[in-house]
Amino acid sequence: MPPKTITPFQGFGLGLRIPHFQQYLSEPVPVDFVEIISENFMVAGGRPLHVLDQVRERWPIAMHGVSMSIGSADGVRADYLVRLKALADRVRPLWISDHLSWSRLEHVNSHDLLPLPLTDEALDTVCRNILHVQDVLERPLVLENPSTYLTFVDDQMTEWAFLAEMTRRTGCYLLLDVNNIYVSGANNGFDPYDYLAGVPADRVRQIHLAGHSQGRDRLIDTHDQPVSDPVWDLFARIYPRLGPVAAMIERDDNIPALDALLEELAIARRIAANVTAAAA
Amino acid sequence: MTLAELQRGFLDLLLDPSRDPGTAFDADGAAGLAVYRNAYGAQLVACLKDSYERLWAWLGDERFEAAAYHHVAGHPPASWTLGEYGIGFAETIAGLYPDDPEVAEIAALDWALRRAFDGPDASVLDPASLVAIDWDEAVLRFVPTLDLLPVHTNCGAIWTAIAGGETVPAAEHLPQPGWIRVWRVGLQPHFATIETEELAALQLATSGMSFARLCDRLAGEIGVEAAVEKAGQYLAVWLQDQMIAEIA
């Protein structure tokens, strides 16, 4: 019988990125877990899998995908799930996550995390797809709130209400990206603290902390800057409400030395310790 | 509007930047749509830069990006993996640079090396095992990353110079058309320029033909004595270059 729950993992981690491969293989990098971008390792062989096999022997791995397209009206592609399941069988991850978004319909794949309308039909579609994916992967799925840059006239609910109902119907869990809440709130006019108050905290298994940039008309979720102060403030607010959780810095561009990311992760550890002590 | 209709319309807006946003978005939705439109093209161009790094260096930023955006406009991605988005870019380049064949050949070499980089793993034959082989029946099995590219120019020398940060030679035609074989040793992709004779032997060997039959075929073309010598030379090179996974 496949598990219907995900055991929480308490710790602080980083994403495995190419410039740091060698350090992960040769140094005692002080992280509690490592997150991989699943698609970067859904390959036949060669260096990526060679590195991954060694990293997974030293750290728990969280698999984080960008190509599931859980919100596609025509379902999730079977060939993608076959490859994802094969990687999961190899890695034995803490969990498998992707985004509450869509990228593909029929034969066109944008390879971007496109926004879903917050409608009953979209909720039905997402829940149907999640239940199917969870059947195939034989485990609950973890879904991340996306950064969004627009809203739809047909929206019927808030994003946090959508997430709450989605987790209730499917038993899936959440990867709460605190920066995405901040970015989407700034772009779409909601208060990120309302979002934190409405999100089902008991379903959160992982936290993403990242940086953003100011575009011409929107905040952009660029992952190329340090975590901003408002995002740290949001993290400090939500952390005491969560159970054991895996928190990490997510950096995908303008990637600094590993030591710089570890210093940023130390800030996350300090904030978590302080707010936990204050709440006790 | 159904979800499928909305998603089809959204993709149409990404693929055609001149299309009017319509009425699906809230006020100021056009500014948000601009972010998605920009990200769509920028990500695919970045993907092509990653896969075609030496071509990018050869063309420079402006010409590479013009070619990449031209390709993106006519080739919406279909696969679940961005890793396959580079398929066909060398053909686009050939169409854009019909009078500069080295450009498309550098592109094809970039792509073949990229495919070899994360292609299937394979063990490599230990030369010590050769003594136990029945050569009358033996069939060579090559590493699965082996690929063969036709070349008319010094694209290999150009690629090597760019990769090594050396002075890059001017493009020139080869005295005779040749071939490049690409394969991976351990974790490292390799390539080598070969002559037509080796290509012919390699094509026979990779067809599943026995090594003895391969020697017979060569003998029919260049005589028995020369065929034995050539076949032995090629076998030694293929073993030394760690291209043979097993001899069954």
# chains A, B, ... in the order shown; residues from 1 in each chain; ligands from 1
$ residues_around --residues "range 220-234 of chain A" --least-positions-apart "4" --cutoff "7 Å" --atoms "only C-alpha atoms" --output "number ranges by chain"
A: 147, 178-180, 182-183, 209-215, 238, 250-255
$ interface_residues --of "chain A" --to "chain B" --cutoff "10 Å" --atoms "only C-alpha atoms" --output "number ranges by chain"
A: 39-50, 66-69, 71-74, 77, 79-80, 102-117, 119, 121-122, 125, 148-155, 187-188, 215-220
$ closest_residue --among "B:Glu105, B:Glu166, B:Glu197, B:Asp134" --to "Asn154 in chain B" --atoms "only C-alpha atoms"
B:Glu105
$ select_by_dssp --residues "range 95-210 of chain A" --states "strand (DSSP E or B)" --output "PyMOL selection string"
chain A and resi 96-99+102-105+108-114+142-144+152+173-177+204-209
$ write_last_selection --atoms "N, CA, C and O atoms" --output "compact mmCIF listing (two decimals), in the first residue's frame"
# COMPACT_ATOMS: atom_id res chain seq x y z
N ILE A 96 8.69 14.41 -3.57
CA ILE A 96 8.75 14.94 -4.93
C ILE A 96 7.83 16.16 -4.99
O ILE A 96 6.66 16.07 -4.65
N SER A 97 8.39 17.28 -5.42
CA SER A 97 7.58 18.50 -5.51
C SER A 97 7.56 19.04 -6.93
O SER A 97 8.42 18.71 -7.75
N ASP A 98 6.56 19.86 -7.19
CA ASP A 98 6.51 20.65 -8.43
C ASP A 98 5.66 21.88 -8.12
O ASP A 98 5.50 22.18 -6.93
N HIS A 99 5.19 22.55 -9.13
CA HIS A 99 4.54 23.85 -8.92
C HIS A 99 3.04 23.82 -9.23
O HIS A 99 2.62 23.11 -10.13
N TRP A 102 0.86 25.61 -14.79
CA TRP A 102 0.79 24.76 -15.97
C TRP A 102 1.80 25.28 -16.98
O TRP A 102 2.18 26.47 -16.96
N SER A 103 2.30 24.40 -17.82
CA SER A 103 3.30 24.79 -18.82
C SER A 103 2.89 24.37 -20.22
O SER A 103 3.32 24.97 -21.21
N ARG A 104 2.09 23.32 -20.29
CA ARG A 104 1.84 22.68 -21.58
C ARG A 104 0.36 22.44 -21.81
O ARG A 104 -0.40 22.16 -20.86
N LEU A 105 -0.06 22.54 -23.05
CA LEU A 105 -1.36 22.03 -23.48
C LEU A 105 -1.14 21.39 -24.84
O LEU A 105 -0.49 21.96 -25.71
N VAL A 108 2.20 21.81 -27.30
CA VAL A 108 3.07 22.98 -27.09
C VAL A 108 3.41 23.08 -25.61
O VAL A 108 2.52 23.10 -24.76
N ASN A 109 4.70 23.10 -25.32
CA ASN A 109 5.18 23.21 -23.94
C ASN A 109 5.97 24.50 -23.79
O ASN A 109 7.04 24.65 -24.39
N SER A 110 5.46 25.43 -23.02
CA SER A 110 6.11 26.74 -22.89
C SER A 110 7.37 26.67 -22.04
O SER A 110 8.21 27.57 -22.10
N HIS A 111 7.52 25.62 -21.25
CA HIS A 111 8.63 25.52 -20.29
C HIS A 111 8.68 26.71 -19.35
O HIS A 111 9.74 27.11 -18.89
N ASP A 112 7.52 27.28 -19.08
CA ASP A 112 7.43 28.32 -18.06
C ASP A 112 6.33 27.92 -17.09
O ASP A 112 5.48 27.09 -17.41
N LEU A 113 6.37 28.50 -15.90
CA LEU A 113 5.37 28.19 -14.88
C LEU A 113 4.22 29.19 -15.03
O LEU A 113 4.25 30.28 -14.45
N LEU A 114 3.26 28.83 -15.86
CA LEU A 114 2.19 29.76 -16.22
C LEU A 114 1.09 29.75 -15.17
O LEU A 114 0.85 28.75 -14.50
N VAL A 142 4.05 17.03 -3.38
CA VAL A 142 4.23 18.32 -2.70
C VAL A 142 4.16 19.40 -3.78
O VAL A 142 4.85 19.30 -4.80
N LEU A 143 3.33 20.41 -3.59
CA LEU A 143 3.18 21.45 -4.60
C LEU A 143 3.55 22.82 -4.05
O LEU A 143 3.21 23.16 -2.90
N GLU A 144 4.23 23.59 -4.89
CA GLU A 144 4.72 24.91 -4.50
C GLU A 144 3.82 26.00 -5.07
O GLU A 144 3.42 25.96 -6.24
N PHE A 152 -6.82 36.64 -13.36
CA PHE A 152 -7.84 36.44 -14.38
C PHE A 152 -9.18 37.02 -13.93
O PHE A 152 -9.52 36.96 -12.74
N TYR A 173 0.73 17.76 -0.17
CA TYR A 173 1.40 18.67 0.77
C TYR A 173 1.85 19.94 0.04
O TYR A 173 1.68 20.05 -1.19
N LEU A 174 2.43 20.85 0.80
CA LEU A 174 2.82 22.14 0.22
C LEU A 174 4.31 22.42 0.41
O LEU A 174 4.89 22.10 1.45
N LEU A 175 4.86 23.00 -0.62
CA LEU A 175 6.17 23.65 -0.53
C LEU A 175 5.87 25.14 -0.57
O LEU A 175 5.41 25.65 -1.60
N LEU A 176 6.06 25.80 0.54
CA LEU A 176 5.70 27.21 0.63
C LEU A 176 6.91 28.05 0.23
O LEU A 176 7.93 28.06 0.93
N ASP A 177 6.79 28.72 -0.91
CA ASP A 177 7.85 29.63 -1.35
C ASP A 177 7.51 31.03 -0.85
O ASP A 177 6.60 31.68 -1.36
N VAL A 204 2.42 21.99 5.18
CA VAL A 204 3.69 22.49 4.65
C VAL A 204 4.83 21.56 5.08
O VAL A 204 5.04 21.32 6.27
N ARG A 205 5.54 21.04 4.09
CA ARG A 205 6.70 20.19 4.37
C ARG A 205 8.02 20.87 4.03
O ARG A 205 9.08 20.43 4.44
N GLN A 206 7.95 21.91 3.20
CA GLN A 206 9.20 22.55 2.77
C GLN A 206 8.99 24.04 2.58
O GLN A 206 7.89 24.49 2.24
N ILE A 207 10.07 24.80 2.80
CA ILE A 207 10.07 26.25 2.61
C ILE A 207 11.16 26.61 1.59
O ILE A 207 12.29 26.13 1.69
N HIS A 208 10.80 27.44 0.62
CA HIS A 208 11.78 28.04 -0.28
C HIS A 208 11.99 29.50 0.11
O HIS A 208 11.02 30.24 0.31
N LEU A 209 13.25 29.91 0.17
CA LEU A 209 13.62 31.31 0.38
C LEU A 209 14.48 31.72 -0.80
O LEU A 209 15.45 31.04 -1.13
$ atom_distance --atom1 "CA of Arg92 in chain A" --atom2 "CA of His64 in chain A"
12.9 Å
$ residues_around --residues "range 171-175 of chain B" --least-positions-apart "2" --cutoff "8 Å" --atoms "only C-alpha atoms" --output "list in words"
Glu102, His152, Thr153, Asn154, Cys155, Ile158, Pro169, Pro177 and Gly178 of chain B
$ closest_residue --among "A:Ala247, A:Leu100, A:Leu258, A:Ala88" --to "Pro19 in chain A" --atoms "only C-alpha atoms"
A:Leu258
$ select_by_dssp --residues "range 30-267 of chain A" --states "alpha helix (DSSP H)" --output "PyMOL selection string"
chain A and resi 47-58+78-91+120-137+159-170+178-188+192-198+229-238+258-267
$ atom_distance --atom1 "CA of Phe142 in chain B" --atom2 "CA of Ile244 in chain B"
4.3 Å
$ decode --residues "range 11-25 of chain A" --atoms "all heavy atoms" --output "PDB file, in the first residue's frame"
ATOM      1  N   GLY A  11      15.115  20.627   8.937  1.00  0.00           N
ATOM      2  CA  GLY A  11      16.498  20.935   8.606  1.00  0.00           C
ATOM      3  C   GLY A  11      16.609  22.118   7.661  1.00  0.00           C
ATOM      4  O   GLY A  11      15.609  22.731   7.270  1.00  0.00           O
ATOM      5  N   PHE A  12      17.849  22.399   7.274  1.00  0.00           N
ATOM      6  CA  PHE A  12      18.151  23.544   6.426  1.00  0.00           C
ATOM      7  C   PHE A  12      19.037  23.075   5.275  1.00  0.00           C
ATOM      8  O   PHE A  12      20.038  22.390   5.503  1.00  0.00           O
ATOM      9  CB  PHE A  12      18.840  24.651   7.235  1.00  0.00           C
ATOM     10  CG  PHE A  12      17.938  25.215   8.292  1.00  0.00           C
ATOM     11  CD1 PHE A  12      17.815  24.596   9.532  1.00  0.00           C
ATOM     12  CD2 PHE A  12      17.165  26.333   8.027  1.00  0.00           C
ATOM     13  CE1 PHE A  12      16.962  25.098  10.494  1.00  0.00           C
ATOM     14  CE2 PHE A  12      16.307  26.849   8.990  1.00  0.00           C
ATOM     15  CZ  PHE A  12      16.197  26.225  10.227  1.00  0.00           C
ATOM     16  N   GLY A  13      18.674  23.450   4.063  1.00  0.00           N
ATOM     17  CA  GLY A  13      19.380  22.910   2.911  1.00  0.00           C
ATOM     18  C   GLY A  13      19.598  23.928   1.807  1.00  0.00           C
ATOM     19  O   GLY A  13      19.242  25.105   1.910  1.00  0.00           O
ATOM     20  N   LEU A  14      20.205  23.435   0.738  1.00  0.00           N
ATOM     21  CA  LEU A  14      20.473  24.235  -0.458  1.00  0.00           C
ATOM     22  C   LEU A  14      20.139  23.419  -1.694  1.00  0.00           C
ATOM     23  O   LEU A  14      20.055  22.182  -1.633  1.00  0.00           O
ATOM     24  CB  LEU A  14      21.951  24.644  -0.522  1.00  0.00           C
ATOM     25  CG  LEU A  14      22.465  25.631   0.514  1.00  0.00           C
ATOM     26  CD1 LEU A  14      23.981  25.796   0.365  1.00  0.00           C
ATOM     27  CD2 LEU A  14      21.765  26.995   0.374  1.00  0.00           C
ATOM     28  N   GLY A  15      20.000  24.117  -2.807  1.00  0.00           N
ATOM     29  CA  GLY A  15      19.825  23.437  -4.079  1.00  0.00           C
ATOM     30  C   GLY A  15      21.179  23.014  -4.635  1.00  0.00           C
ATOM     31  O   GLY A  15      22.163  23.734  -4.491  1.00  0.00           O
ATOM     32  N   LEU A  16      21.209  21.843  -5.252  1.00  0.00           N
ATOM     33  CA  LEU A  16      22.453  21.347  -5.862  1.00  0.00           C
ATOM     34  C   LEU A  16      22.601  22.003  -7.229  1.00  0.00           C
ATOM     35  O   LEU A  16      21.779  21.785  -8.119  1.00  0.00           O
ATOM     36  CB  LEU A  16      22.374  19.822  -6.006  1.00  0.00           C
ATOM     37  CG  LEU A  16      23.573  19.121  -6.634  1.00  0.00           C
ATOM     38  CD1 LEU A  16      24.822  19.286  -5.774  1.00  0.00           C
ATOM     39  CD2 LEU A  16      23.286  17.638  -6.848  1.00  0.00           C
ATOM     40  N   ARG A  17      23.639  22.829  -7.383  1.00  0.00           N
ATOM     41  CA  ARG A  17      23.840  23.551  -8.635  1.00  0.00           C
ATOM     42  C   ARG A  17      25.224  23.229  -9.201  1.00  0.00           C
ATOM     43  O   ARG A  17      26.188  23.015  -8.453  1.00  0.00           O
ATOM     44  CB  ARG A  17      23.710  25.057  -8.417  1.00  0.00           C
ATOM     45  CG  ARG A  17      22.353  25.487  -7.847  1.00  0.00           C
ATOM     46  CD  ARG A  17      21.218  25.267  -8.829  1.00  0.00           C
ATOM     47  NE  ARG A  17      19.944  25.723  -8.316  1.00  0.00           N
ATOM     48  CZ  ARG A  17      19.015  24.926  -7.753  1.00  0.00           C
ATOM     49  NH1 ARG A  17      19.240  23.620  -7.625  1.00  0.00           N
ATOM     50  NH2 ARG A  17      17.862  25.423  -7.329  1.00  0.00           N
ATOM     51  N   ILE A  18      25.336  23.269 -10.520  1.00  0.00           N
ATOM     52  CA  ILE A  18      26.549  22.810 -11.210  1.00  0.00           C
ATOM     53  C   ILE A  18      27.829  23.455 -10.674  1.00  0.00           C
ATOM     54  O   ILE A  18      28.821  22.752 -10.460  1.00  0.00           O
ATOM     55  CB  ILE A  18      26.414  23.035 -12.735  1.00  0.00           C
ATOM     56  CG1 ILE A  18      25.361  22.070 -13.299  1.00  0.00           C
ATOM     57  CG2 ILE A  18      27.746  22.837 -13.445  1.00  0.00           C
ATOM     58  CD1 ILE A  18      25.007  22.321 -14.755  1.00  0.00           C
ATOM     59  N   PRO A  19      27.866  24.783 -10.417  1.00  0.00           N
ATOM     60  CA  PRO A  19      29.136  25.370  -9.954  1.00  0.00           C
ATOM     61  C   PRO A  19      29.629  24.793  -8.626  1.00  0.00           C
ATOM     62  O   PRO A  19      30.814  24.945  -8.299  1.00  0.00           O
ATOM     63  CB  PRO A  19      28.799  26.860  -9.802  1.00  0.00           C
ATOM     64  CG  PRO A  19      27.610  27.081 -10.668  1.00  0.00           C
ATOM     65  CD  PRO A  19      26.833  25.811 -10.632  1.00  0.00           C
ATOM     66  N   HIS A  20      28.739  24.141  -7.887  1.00  0.00           N
ATOM     67  CA  HIS A  20      29.118  23.622  -6.564  1.00  0.00           C
ATOM     68  C   HIS A  20      29.268  22.104  -6.549  1.00  0.00           C
ATOM     69  O   HIS A  20      29.493  21.526  -5.475  1.00  0.00           O
ATOM     70  CB  HIS A  20      28.083  24.044  -5.521  1.00  0.00           C
ATOM     71  CG  HIS A  20      27.823  25.514  -5.494  1.00  0.00           C
ATOM     72  ND1 HIS A  20      26.581  26.056  -5.273  1.00  0.00           N
ATOM     73  CD2 HIS A  20      28.653  26.580  -5.691  1.00  0.00           C
ATOM     74  CE1 HIS A  20      26.647  27.378  -5.322  1.00  0.00           C
ATOM     75  NE2 HIS A  20      27.888  27.722  -5.589  1.00  0.00           N
ATOM     76  N   PHE A  21      29.121  21.469  -7.714  1.00  0.00           N
ATOM     77  CA  PHE A  21      29.179  20.005  -7.757  1.00  0.00           C
ATOM     78  C   PHE A  21      30.408  19.474  -7.027  1.00  0.00           C
ATOM     79  O   PHE A  21      30.324  18.584  -6.187  1.00  0.00           O
ATOM     80  CB  PHE A  21      29.223  19.516  -9.207  1.00  0.00           C
ATOM     81  CG  PHE A  21      27.871  19.298  -9.843  1.00  0.00           C
ATOM     82  CD1 PHE A  21      26.699  19.661  -9.186  1.00  0.00           C
ATOM     83  CD2 PHE A  21      27.767  18.728 -11.108  1.00  0.00           C
ATOM     84  CE1 PHE A  21      25.450  19.459  -9.779  1.00  0.00           C
ATOM     85  CE2 PHE A  21      26.532  18.520 -11.702  1.00  0.00           C
ATOM     86  CZ  PHE A  21      25.374  18.892 -11.042  1.00  0.00           C
ATOM     87  N   GLN A  22      31.570  20.023  -7.380  1.00  0.00           N
ATOM     88  CA  GLN A  22      32.814  19.450  -6.868  1.00  0.00           C
ATOM     89  C   GLN A  22      32.903  19.571  -5.345  1.00  0.00           C
ATOM     90  O   GLN A  22      33.385  18.660  -4.667  1.00  0.00           O
ATOM     91  CB  GLN A  22      34.024  20.120  -7.531  1.00  0.00           C
ATOM     92  CG  GLN A  22      35.334  19.385  -7.270  1.00  0.00           C
ATOM     93  CD  GLN A  22      35.249  17.900  -7.619  1.00  0.00           C
ATOM     94  OE1 GLN A  22      34.772  17.522  -8.684  1.00  0.00           O
ATOM     95  NE2 GLN A  22      35.697  17.039  -6.692  1.00  0.00           N
ATOM     96  N   GLN A  23      32.421  20.699  -4.811  1.00  0.00           N
ATOM     97  CA  GLN A  23      32.472  20.862  -3.358  1.00  0.00           C
ATOM     98  C   GLN A  23      31.576  19.861  -2.641  1.00  0.00           C
ATOM     99  O   GLN A  23      31.923  19.347  -1.584  1.00  0.00           O
ATOM    100  CB  GLN A  23      32.091  22.297  -2.973  1.00  0.00           C
ATOM    101  CG  GLN A  23      33.225  23.282  -3.232  1.00  0.00           C
ATOM    102  CD  GLN A  23      32.775  24.708  -3.048  1.00  0.00           C
ATOM    103  OE1 GLN A  23      32.176  25.281  -3.939  1.00  0.00           O
ATOM    104  NE2 GLN A  23      33.057  25.278  -1.890  1.00  0.00           N
ATOM    105  N   TYR A  24      30.431  19.601  -3.234  1.00  0.00           N
ATOM    106  CA  TYR A  24      29.550  18.605  -2.620  1.00  0.00           C
ATOM    107  C   TYR A  24      30.195  17.221  -2.629  1.00  0.00           C
ATOM    108  O   TYR A  24      29.955  16.408  -1.735  1.00  0.00           O
ATOM    109  CB  TYR A  24      28.198  18.551  -3.333  1.00  0.00           C
ATOM    110  CG  TYR A  24      27.233  19.619  -2.861  1.00  0.00           C
ATOM    111  CD1 TYR A  24      27.048  20.781  -3.594  1.00  0.00           C
ATOM    112  CD2 TYR A  24      26.525  19.470  -1.682  1.00  0.00           C
ATOM    113  CE1 TYR A  24      26.172  21.771  -3.167  1.00  0.00           C
ATOM    114  CE2 TYR A  24      25.652  20.453  -1.234  1.00  0.00           C
ATOM    115  CZ  TYR A  24      25.484  21.605  -1.982  1.00  0.00           C
ATOM    116  OH  TYR A  24      24.626  22.581  -1.540  1.00  0.00           O
ATOM    117  N   LEU A  25      31.015  16.963  -3.625  1.00  0.00           N
ATOM    118  CA  LEU A  25      31.646  15.644  -3.708  1.00  0.00           C
ATOM    119  C   LEU A  25      32.852  15.528  -2.789  1.00  0.00           C
ATOM    120  O   LEU A  25      33.208  14.422  -2.368  1.00  0.00           O
ATOM    121  CB  LEU A  25      32.082  15.354  -5.157  1.00  0.00           C
ATOM    122  CG  LEU A  25      30.978  15.299  -6.202  1.00  0.00           C
ATOM    123  CD1 LEU A  25      31.549  14.863  -7.549  1.00  0.00           C
ATOM    124  CD2 LEU A  25      29.864  14.354  -5.778  1.00  0.00           C
TER     125      LEU A  25
END
